[in-house]
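S.K.: The structure's right below; bear with me while I get my questions together.
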Amino acid sequence: MKSSSLLVANFKSNQNLSDAKTWIDDFSKDFKPKDGGEVVVCPSFTLLPLFKQYVIEHNLPIKLGAQDVSAFPQGSYTGEVNAQQVKELAEFVLIGHSERRTNLKEDEEIIGKKAEQALENGLKIIFCVQNAEQNIPKGVWAIAYEPIFAIGTGNPDTPENAQMVAEEIKKKTSSLPVLYGGSVTYENVRSFTNLSGIDGVLVGGASLDAKEFARILDLA
Ligand code: PGA
């Protein structure tokens, strides 16, 4: 593990309260914290209070992240969860994920407003891009390079290409940390985290299994 790696679990729209309880119990049995690695778990909004309480009660050295944030401040925006509310439960937020760009039709304008709201409220943004050309708002904490063909397909990018894209992203962002995401498993995690240009991973499907995620962290 590098001195400042960022290892992120994105549960997406999975888990109910009982699954989450089992996950965190299992995870805390297997997780061996290491120096220098920051672990961020991003469950659904509904599960964040349970995670937060567990982390505090068990002094578990992980951080929490939300998978989304409203583009609007507090107010009459039915169904939205605003950045002030997120901040009570999480330190990080994912913005720009391709699943939201595609399924929720999030465009540059919405994504930019989400980033503004997150920054105004002191959230650390893990900003997802699908290639090195996409816009990256100012003030983000880290970038996750997640090529669409690799997300949830079992077909990760090649380490060589991931390294190349990560270097291009670093060039245009004054060397912000770049994570790789897309079909990361315990079998391939090292091929990415060993690379000089990759500062961590964002794990979707494989993070839903607490034991597998702990194993990925162990190997990262
Ligand atoms: P995956 O998802 O690990 O299931 O491919 C990654 C992501 O979309 O965050």
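Chain labels run A, B, ... following the order of the structure tokens; each chain numbers its residues from 1, and ligands are numbered from 1 in the order shown.
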Would you mind listing the residues within 9 Å of ligand 1, counting only C-alpha atoms and all ligand atoms, as an MDAnalysis selection string?
M.R.: chainID A and resid 8:12 97:99 128 144 146:156 180:185 202:207
S.K.: Skip segment 135-143 of chain A itself and residues of its chain fewer than 3 positions away, then list as JSON, numbers by chain all residues within 8 Å of it, counting only C-alpha atoms.
M.R.: {"A": [108, 112, 115, 119, 124, 125, 126, 127, 128, 129, 176, 177, 178, 179]}
S.K.: Measuring atom to atom with only C-alpha atoms, identify which of A:Asp68, A:Asp157, A:Glu116, A:Glu167 is nearest to Ala132 of chain A.
M.R.: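 Using only C-alpha atoms, the shortest distance to Ala132 of chain A belongs to A:Glu167.
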S.K.: What's around Asp218 of chain A at 9 Å? Count only C-alpha atoms, leave out sequence neighbours fewer than 4 positions away in its own chain, and write the answer as a list in words.
M.R.: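 The neighbour list is Met1, Phe31, Lys32, Pro33, Lys34, Tyr186, Phe213 and Ala214 of chain A.
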S.K.: For Ser5 of chain A, which residue out of A:Ile24, A:Ala66, A:Ile169, A:Val40 is the nearest one, using only C-alpha atoms?
M.R.: A:Val40
S.K.: Mind the document's chain letters and residue numbers, and return as a PyMOL selection string the residues of segment 90-144 of chain A that DSSP labels helix (DSSP H, G or I).
M.R.: chain A and resi 98-103+108-120
S.K.: So which residues touch Gln15 of chain A within 10 Å, counting only C-alpha atoms, skipping near sequence neighbours fewer than 5 positions away, as a list in words?
M.R.: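 That gives Ala20, Lys21, Thr22, Trp23, Pro43, Ser44, Thr46, Leu47 and Leu208 of chain A.
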S.K.: So which one's closest to Ser13 of chain A, A:Phe45, A:Ala220, A:Asp25, A:Gln85? Using only C-alpha atoms, please.
M.R.: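 Counting only C-alpha atoms, the residue closest to Ser13 of chain A is A:Phe45.
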S.K.: For a test of reading the model, state the distance in Å between atom CA of Ala166 of chain A and atom CA of Leu7 of chain A, rounded to one decimal.
M.R.: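 Here the two named atoms are 15.7 Å from each other.
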S.K.: Using only C-alpha atoms, determine which residues lie at most 9 Å from Leu195 of chain A, disregarding the query and same-chain residues fewer than 4 positions distant; provide the list as a PDB file with all heavy atoms, in the first residue's frame.
M.R.:
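Just written: result.pdb:
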ATOM      1  N   PRO A 159      -3.918  -2.555 -16.849  1.00  0.00           N
ATOM      2  CA  PRO A 159      -3.134  -1.669 -15.987  1.00  0.00           C
ATOM      3  C   PRO A 159      -2.376  -0.626 -16.802  1.00  0.00           C
ATOM      4  O   PRO A 159      -2.282   0.528 -16.407  1.00  0.00           O
ATOM      5  CB  PRO A 159      -2.191  -2.626 -15.265  1.00  0.00           C
ATOM      6  CG  PRO A 159      -2.911  -3.937 -15.272  1.00  0.00           C
ATOM      7  CD  PRO A 159      -3.680  -3.976 -16.558  1.00  0.00           C
ATOM      8  N   GLU A 160      -1.874  -1.009 -17.983  1.00  0.00           N
ATOM      9  CA  GLU A 160      -1.096  -0.065 -18.814  1.00  0.00           C
ATOM     10  C   GLU A 160      -1.952   1.117 -19.224  1.00  0.00           C
ATOM     11  O   GLU A 160      -1.535   2.272 -19.137  1.00  0.00           O
ATOM     12  CB  GLU A 160      -0.571  -0.750 -20.099  1.00  0.00           C
ATOM     13  CG  GLU A 160       0.416  -1.881 -19.877  1.00  0.00           C
ATOM     14  CD  GLU A 160      -0.224  -3.145 -19.285  1.00  0.00           C
ATOM     15  OE1 GLU A 160      -1.432  -3.407 -19.563  1.00  0.00           O
ATOM     16  OE2 GLU A 160       0.452  -3.864 -18.525  1.00  0.00           O
ATOM     17  N   GLN A 163      -2.892   3.312 -16.215  1.00  0.00           N
ATOM     18  CA  GLN A 163      -1.737   4.142 -15.835  1.00  0.00           C
ATOM     19  C   GLN A 163      -1.616   5.346 -16.758  1.00  0.00           C
ATOM     20  O   GLN A 163      -1.405   6.474 -16.308  1.00  0.00           O
ATOM     21  CB  GLN A 163      -0.469   3.263 -15.911  1.00  0.00           C
ATOM     22  CG  GLN A 163       0.837   4.004 -15.928  1.00  0.00           C
ATOM     23  CD  GLN A 163       1.380   4.284 -14.522  1.00  0.00           C
ATOM     24  OE1 GLN A 163       0.723   4.016 -13.525  1.00  0.00           O
ATOM     25  NE2 GLN A 163       2.556   4.848 -14.449  1.00  0.00           N
ATOM     26  N   ARG A 190      -3.881  -5.637  -7.103  1.00  0.00           N
ATOM     27  CA  ARG A 190      -2.464  -5.271  -7.044  1.00  0.00           C
ATOM     28  C   ARG A 190      -1.921  -4.782  -8.377  1.00  0.00           C
ATOM     29  O   ARG A 190      -1.024  -3.933  -8.423  1.00  0.00           O
ATOM     30  CB  ARG A 190      -1.656  -6.474  -6.582  1.00  0.00           C
ATOM     31  CG  ARG A 190      -0.912  -6.102  -5.373  1.00  0.00           C
ATOM     32  CD  ARG A 190       0.001  -7.103  -4.833  1.00  0.00           C
ATOM     33  NE  ARG A 190      -0.034  -6.925  -3.386  1.00  0.00           N
ATOM     34  CZ  ARG A 190       0.389  -7.807  -2.543  1.00  0.00           C
ATOM     35  NH1 ARG A 190       0.865  -8.955  -2.966  1.00  0.00           N
ATOM     36  NH2 ARG A 190       0.334  -7.558  -1.260  1.00  0.00           N
ATOM     37  N   SER A 191      -2.481  -5.307  -9.456  1.00  0.00           N
ATOM     38  CA  SER A 191      -1.976  -4.875 -10.768  1.00  0.00           C
ATOM     39  C   SER A 191      -2.247  -3.386 -10.973  1.00  0.00           C
ATOM     40  O   SER A 191      -1.574  -2.731 -11.765  1.00  0.00           O
ATOM     41  CB  SER A 191      -2.589  -5.714 -11.894  1.00  0.00           C
ATOM     42  OG  SER A 191      -3.974  -5.472 -11.985  1.00  0.00           O
ATOM     43  N   ASP A 199      -3.432   5.861  -7.290  1.00  0.00           N
ATOM     44  CA  ASP A 199      -3.335   6.120  -5.846  1.00  0.00           C
ATOM     45  C   ASP A 199      -4.400   5.381  -5.032  1.00  0.00           C
ATOM     46  O   ASP A 199      -4.609   5.705  -3.861  1.00  0.00           O
ATOM     47  CB  ASP A 199      -3.472   7.623  -5.607  1.00  0.00           C
ATOM     48  CG  ASP A 199      -2.458   8.402  -6.416  1.00  0.00           C
ATOM     49  OD1 ASP A 199      -1.279   8.361  -6.062  1.00  0.00           O
ATOM     50  OD2 ASP A 199      -2.839   8.991  -7.450  1.00  0.00           O
TER      51      ASP A 199
END
S.K.: Where does DSSP see strand (DSSP E or B) in segment 8-90 of chain A, if you list the residues as number ranges by chain?
M.R.: A: 8-10, 38-42, 63-66
S.K.: Write out, as a short mmCIF file (atom, residue, chain, number, x, y, z; two decimals), in the first residue's frame, the residues just selected, with all heavy atoms.
M.R.:
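Everything below was put into result.cif:
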data_model
loop_
_atom_site.label_atom_id
_atom_site.label_comp_id
_atom_site.auth_asym_id
_atom_site.auth_seq_id
_atom_site.Cartn_x
_atom_site.Cartn_y
_atom_site.Cartn_z
N VAL A 8 -11.82 2.76 -1.83
CA VAL A 8 -13.23 3.15 -1.68
C VAL A 8 -14.16 2.00 -2.04
O VAL A 8 -13.97 1.32 -3.05
CB VAL A 8 -13.53 4.36 -2.61
CG1 VAL A 8 -14.95 4.86 -2.41
CG2 VAL A 8 -12.52 5.49 -2.38
N ALA A 9 -15.18 1.80 -1.21
CA ALA A 9 -16.24 0.83 -1.51
C ALA A 9 -17.48 1.60 -1.93
O ALA A 9 -17.92 2.51 -1.23
CB ALA A 9 -16.56 -0.01 -0.27
N ASN A 10 -18.04 1.23 -3.08
CA ASN A 10 -19.28 1.84 -3.55
C ASN A 10 -20.33 0.74 -3.60
O ASN A 10 -20.31 -0.10 -4.49
CB ASN A 10 -19.05 2.45 -4.94
CG ASN A 10 -20.33 2.95 -5.57
OD1 ASN A 10 -21.36 3.11 -4.89
ND2 ASN A 10 -20.30 3.22 -6.87
N GLU A 38 -6.30 5.12 3.44
CA GLU A 38 -7.58 5.62 3.93
C GLU A 38 -8.69 4.81 3.26
O GLU A 38 -8.71 4.67 2.04
CB GLU A 38 -7.71 7.09 3.56
CG GLU A 38 -8.91 7.75 4.17
CD GLU A 38 -8.65 9.21 4.51
OE1 GLU A 38 -8.30 9.99 3.60
OE2 GLU A 38 -8.80 9.56 5.68
N VAL A 39 -9.58 4.26 4.08
CA VAL A 39 -10.66 3.43 3.55
C VAL A 39 -11.96 4.21 3.67
O VAL A 39 -12.30 4.72 4.75
CB VAL A 39 -10.76 2.11 4.35
CG1 VAL A 39 -11.94 1.27 3.86
CG2 VAL A 39 -9.46 1.33 4.24
N VAL A 40 -12.68 4.31 2.56
CA VAL A 40 -13.94 5.06 2.54
C VAL A 40 -15.05 4.12 2.07
O VAL A 40 -14.95 3.54 0.99
CB VAL A 40 -13.87 6.27 1.58
CG1 VAL A 40 -15.19 7.04 1.59
CG2 VAL A 40 -12.71 7.19 1.96
N VAL A 41 -16.09 3.97 2.89
CA VAL A 41 -17.22 3.12 2.52
C VAL A 41 -18.42 4.00 2.18
O VAL A 41 -18.79 4.87 2.97
CB VAL A 41 -17.54 2.13 3.68
CG1 VAL A 41 -18.79 1.31 3.36
CG2 VAL A 41 -16.36 1.21 3.92
N CYS A 42 -18.99 3.76 1.00
CA CYS A 42 -20.13 4.57 0.53
C CYS A 42 -21.38 3.70 0.40
O CYS A 42 -21.63 3.11 -0.66
CB CYS A 42 -19.81 5.19 -0.82
SG CYS A 42 -18.29 6.15 -0.88
N LYS A 63 -13.62 5.73 6.89
CA LYS A 63 -14.40 6.95 6.70
C LYS A 63 -15.65 6.60 5.93
O LYS A 63 -15.69 5.57 5.26
CB LYS A 63 -13.57 7.97 5.90
CG LYS A 63 -12.23 8.32 6.52
CD LYS A 63 -12.40 9.36 7.61
CE LYS A 63 -11.18 9.60 8.46
NZ LYS A 63 -10.03 10.12 7.76
N LEU A 64 -16.64 7.48 6.02
CA LEU A 64 -17.88 7.22 5.29
C LEU A 64 -18.06 8.22 4.16
O LEU A 64 -17.65 9.38 4.26
CB LEU A 64 -19.07 7.29 6.25
CG LEU A 64 -19.04 6.22 7.34
CD1 LEU A 64 -20.20 6.43 8.31
CD2 LEU A 64 -19.10 4.81 6.74
N GLY A 65 -18.69 7.73 3.10
CA GLY A 65 -18.98 8.60 1.97
C GLY A 65 -20.41 8.39 1.52
O GLY A 65 -20.98 7.31 1.71
N ALA A 66 -21.00 9.42 0.91
CA ALA A 66 -22.32 9.29 0.30
C ALA A 66 -22.11 9.03 -1.19
O ALA A 66 -21.07 9.40 -1.75
CB ALA A 66 -23.13 10.56 0.52
#
S.K.: Would you work out the distance separating atom CA of Val69 of chain A from atom CA of Lys114 of chain A, expressed in Å to one decimal?
M.R.: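 These atoms are spaced 6.3 Å apart.
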